[in-house]
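Asks: Structure in structure tokens, see below.
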Amino acid sequence: MPSPFEHLSLASSVVGKLPLSASSRVAFLVGSLCPDVDKIAGFPRATTHWWVPGDDVSGVLKLIASSSRIGTLPLDGAMRAFVAGYLCHLVSDEQWTLTIYRPFFGLNSKFKGGQAGADRQWALHATLDEVHFTTGSLTAAFTEISTMGELSDWETLIPTIPRGDAVRFVNMVIHQAGLPDAPARYRYAGTVSRKTSEGRNNEPEARNPRASASQDRTGRQTVVRPTGNAERLESFLSDLERLTIEVLDYVPADAISDFRTRAVEESFRVCEAYLAGAPVMPPAGTVPPSSAGGTPARSSL
């Protein structure tokens with residue numbers, strides 16, 4: 001899925017099209033980062049994203065249906081804007097899955113959804129991030145979110161985010177923005193991730209699915225994130241230059257452009273409807289939850 005910095009770039013494009021006050025703009029941008037708390041909190045991404053790579057059911061609609069509070073927030077308030085930003089992230093992840101992950105890294109790609117493809121996807125993240133930092137395209141967005149203040153009320157809107165993790169993750173991303181390069185950003189994320197996981201391991205029902213490869217619900221092996229442990233991270237970083245060259249030759253620039261266009265267009269459509277209190281339609285390529293409440297997953301993708 002896109003990196004936090006790519007998400008912030010997409011959210012910046014979307015928020016400029018929405019009639020939001022200054023405080024609501026900040027809330028929207030912060031919300032666009034928060035689903036990725038799973039990267040440091042040690043639990044499956046489906047709990048914060050309501051979507052998995054083999055699932056065509058819209059995570060956006062599943063989240064909205066999960067809580068009556070989400071649908072009844074004041075239309076002009078910062079808290080509703082925070083949720084809209086969160087939805088923007090979910091839409092962008094779905095469009096990345098459809099246009100980048102499945103064709104180039106998923107089960108039907110030459111990498112068969114395995115570790116080799118995952119590593120090249122993370123190398124692609126680092127490359128796209130470097131362009132953002134080199135061009136300064138995220139400077140204004142980081143200036144805005146640095147004024148976010150206390151997040152404790154906002155994060156309680158999403159029932160599957162443990163209290164405190166959203167604050168920790170957003171602050172991590174802000175700190176990363178001041179670091180000099182991709183290896184430094186990855187190493188810092190790894191440090192935060194391991195510290196958070198260690199704290200989680202002291203809790204009664206601790207789960208740390210990133211610690212080692214495991215099986216997902218389809219029975220195939222899941223992959224290990226670079227930040228899973230220090231040794232794994234250094235191995236990934238030592239290979240990053242080669243992986244970057246390979247992935248830039250492998251994934252066409254047109255595919256990245258198509259993803260960004262779809263992510264911004266679909267996110268705007270979803271967020272505009274949600275902020276207006278209108279019905280939210282499934283983003284392109286997704287379907288609504290079934291009337292029985294099921295979540296049919298496609299394990300072949």
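Naming scheme: A, B, ... for chains in displayed order of the structure tokens; residues 1 onward per chain; ligands 1 onward as shown.
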Give me the residues of segment 72-127 of chain A that have any atom at most 12 Å from an atom of segment 173-193 of chain A; for each, the nearest atom pair and the distance in Å, rounded to one decimal. Use only C-alpha atoms, sort by chain and number, and format it as JSON lines.

Replies:
```
{"residue": "A:Trp122", "atom": "CA", "partner": "A:Tyr186", "partner_atom": "CA", "distance": 10.2}
{"residue": "A:Ala123", "atom": "CA", "partner": "A:Ala182", "partner_atom": "CA", "distance": 9.4}
{"residue": "A:Leu124", "atom": "CA", "partner": "A:Ala182", "partner_atom": "CA", "distance": 11.1}
{"residue": "A:His125", "atom": "CA", "partner": "A:Ala182", "partner_atom": "CA", "distance": 9.4}
{"residue": "A:Ala126", "atom": "CA", "partner": "A:Ala182", "partner_atom": "CA", "distance": 5.9}
{"residue": "A:Thr127", "atom": "CA", "partner": "A:Ala182", "partner_atom": "CA", "distance": 8.4}
```

Asks: Write a file of the selected residues as a PDB file, in the first residue's frame, keeping N, CA and C atoms.

Replies:
```pdb
ATOM      1  N   TRP A 122       8.216  -2.042  -1.165  1.00  0.00           N
ATOM      2  CA  TRP A 122       8.742  -1.088  -0.179  1.00  0.00           C
ATOM      3  C   TRP A 122       9.854  -0.233  -0.786  1.00  0.00           C
ATOM      4  N   ALA A 123      10.615  -0.803  -1.716  1.00  0.00           N
ATOM      5  CA  ALA A 123      11.622   0.001  -2.416  1.00  0.00           C
ATOM      6  C   ALA A 123      10.947   1.063  -3.274  1.00  0.00           C
ATOM      7  N   LEU A 124       9.808   0.709  -3.872  1.00  0.00           N
ATOM      8  CA  LEU A 124       9.038   1.688  -4.643  1.00  0.00           C
ATOM      9  C   LEU A 124       8.542   2.806  -3.736  1.00  0.00           C
ATOM     10  N   HIS A 125       8.087   2.449  -2.538  1.00  0.00           N
ATOM     11  CA  HIS A 125       7.677   3.476  -1.581  1.00  0.00           C
ATOM     12  C   HIS A 125       8.803   4.471  -1.339  1.00  0.00           C
ATOM     13  N   ALA A 126       9.988   3.941  -1.055  1.00  0.00           N
ATOM     14  CA  ALA A 126      11.130   4.801  -0.739  1.00  0.00           C
ATOM     15  C   ALA A 126      11.454   5.731  -1.898  1.00  0.00           C
ATOM     16  N   THR A 127      11.321   5.220  -3.111  1.00  0.00           N
ATOM     17  CA  THR A 127      11.599   6.032  -4.294  1.00  0.00           C
ATOM     18  C   THR A 127      10.588   7.162  -4.455  1.00  0.00           C
TER      19      THR A 127
END
```

Asks: Excluding Ser92 of chain A and residues on its chain fewer than 3 positions from it, collect all residues at most 9 Å away from it, counting only C-alpha atoms, and give them as a PyMOL selection string.

Replies: chain A and resi 1-2+7+10+87-89+95-97+259-260+262-264+266-267

Asks: Output C-alpha atoms for every residue in that selection, as an mmCIF file, in the first residue's frame.

Replies:
```
data_model
loop_
_atom_site.group_PDB
_atom_site.id
_atom_site.type_symbol
_atom_site.label_atom_id
_atom_site.label_comp_id
_atom_site.auth_asym_id
_atom_site.auth_seq_id
_atom_site.Cartn_x
_atom_site.Cartn_y
_atom_site.Cartn_z
ATOM 1 C CA MET A 1 0.000 0.000 0.000
ATOM 2 C CA PRO A 2 1.201 3.623 -0.309
ATOM 3 C CA HIS A 7 -0.918 9.204 1.533
ATOM 4 C CA LEU A 10 -2.828 12.384 -2.033
ATOM 5 C CA LEU A 87 -11.688 7.412 4.477
ATOM 6 C CA CYS A 88 -9.354 9.108 1.983
ATOM 7 C CA HIS A 89 -6.580 6.799 3.179
ATOM 8 C CA GLN A 95 -6.879 1.903 -5.489
ATOM 9 C CA TRP A 96 -3.219 0.982 -4.886
ATOM 10 C CA THR A 97 -4.298 -2.635 -4.415
ATOM 11 C CA PHE A 259 -3.066 5.120 -9.426
ATOM 12 C CA ARG A 260 -2.731 8.715 -8.277
ATOM 13 C CA ARG A 262 -7.875 7.230 -9.439
ATOM 14 C CA ALA A 263 -6.968 7.668 -5.774
ATOM 15 C CA VAL A 264 -7.618 11.414 -5.826
ATOM 16 C CA GLU A 266 -12.342 8.347 -5.890
ATOM 17 C CA SER A 267 -11.263 9.821 -2.549
#
```

Asks: I'd like the contact shell of segment 238-244 of chain A - 6 Å cut-off, only C-alpha atoms, skipping same-chain residues fewer than 3 positions apart - returned as a list in words.

Replies: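 Those residues are Arg120, Ala123, Ser235 and Val247 of chain A.
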
Asks: Can you measure atom CA of Leu61 of chain A to atom CA of Ala276 of chain A for me? One decimal in Å is fine.

Replies: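 Distance between the two atoms: 15.7 Å.
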
Asks: Write down as a ChimeraX atom specification the residues belonging to segment 99-181 of chain A that are assigned helix (DSSP H, G or I) by DSSP computed on the backbone.

Replies: /A:99-105,115-135,139-145,152-155,165-176

Asks: Rounded to one decimal in Å, what is the spacing between atom CA of Trp50 of chain A and atom CA of Ser68 of chain A?

Replies: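 Distance between the two atoms: 16.2 Å.
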
Asks: Which of these residues is nearest to Ala273 of chain A, using only C-alpha atoms: A:Arg232, A:Arg225, A:Arg168, A:Arg80?

Replies: A:Arg80

Asks: How many Å lie between atom CA of Ala11 of chain A and atom CA of Leu138 of chain A, rounded to one decimal?

Replies: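 A separation of 10.5 Å between them.
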
Asks: When distances are computed from only C-alpha atoms, which of A:Glu94, A:His49, A:Pro283, A:Val224 shows the smallest separation from Phe268 of chain A?

Replies: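 Of the candidates, the smallest distance to Phe268 of chain A is held by A:Pro283.
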
Asks: Looking at only C-alpha atoms, which of A:Thr286, A:Ser66, A:Ser137, A:Ser58 is the one that sits closest to Ser13 of chain A?

Replies: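 Going through A:Thr286, A:Ser66, A:Ser137, A:Ser58 one by one, the smallest distance to Ser13 of chain A is for A:Ser137.
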
Asks: Show which residues sit within 9 Å of Ser21 of chain A, as a list in words. Count only C-alpha atoms, and ignore same-chain residues fewer than 2 positions away.

Replies: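 The residues satisfying every condition are Pro19, Ser23, Ser24, Arg25, Val26, Asp76, Gly77 and Ala78 of chain A.
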
Asks: Based on the selection just made, write N, CA and C atoms of those residues as a short mmCIF file (atom, residue, chain, number, x, y, z; two decimals), in the first residue's frame.

Replies:
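This went into out-v3.cif:
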```
data_model
loop_
_atom_site.label_atom_id
_atom_site.label_comp_id
_atom_site.auth_asym_id
_atom_site.auth_seq_id
_atom_site.Cartn_x
_atom_site.Cartn_y
_atom_site.Cartn_z
N PRO A 19 -14.61 22.00 0.77
CA PRO A 19 -14.89 23.26 1.46
C PRO A 19 -14.69 23.13 2.98
N SER A 23 -9.01 24.53 10.55
CA SER A 23 -8.90 23.47 11.55
C SER A 23 -9.36 22.13 11.00
N SER A 24 -10.38 22.16 10.16
CA SER A 24 -10.87 20.92 9.57
C SER A 24 -9.90 20.36 8.53
N ARG A 25 -9.19 21.25 7.84
CA ARG A 25 -8.15 20.79 6.92
C ARG A 25 -7.08 20.00 7.67
N VAL A 26 -6.66 20.54 8.80
CA VAL A 26 -5.65 19.85 9.61
C VAL A 26 -6.18 18.49 10.05
N ASP A 76 -20.11 20.06 9.83
CA ASP A 76 -19.10 21.09 9.67
C ASP A 76 -18.00 21.03 10.72
N GLY A 77 -17.87 19.91 11.42
CA GLY A 77 -16.90 19.83 12.51
C GLY A 77 -15.60 19.17 12.10
N ALA A 78 -14.54 19.44 12.90
CA ALA A 78 -13.23 18.87 12.64
C ALA A 78 -13.23 17.36 12.81
#
```
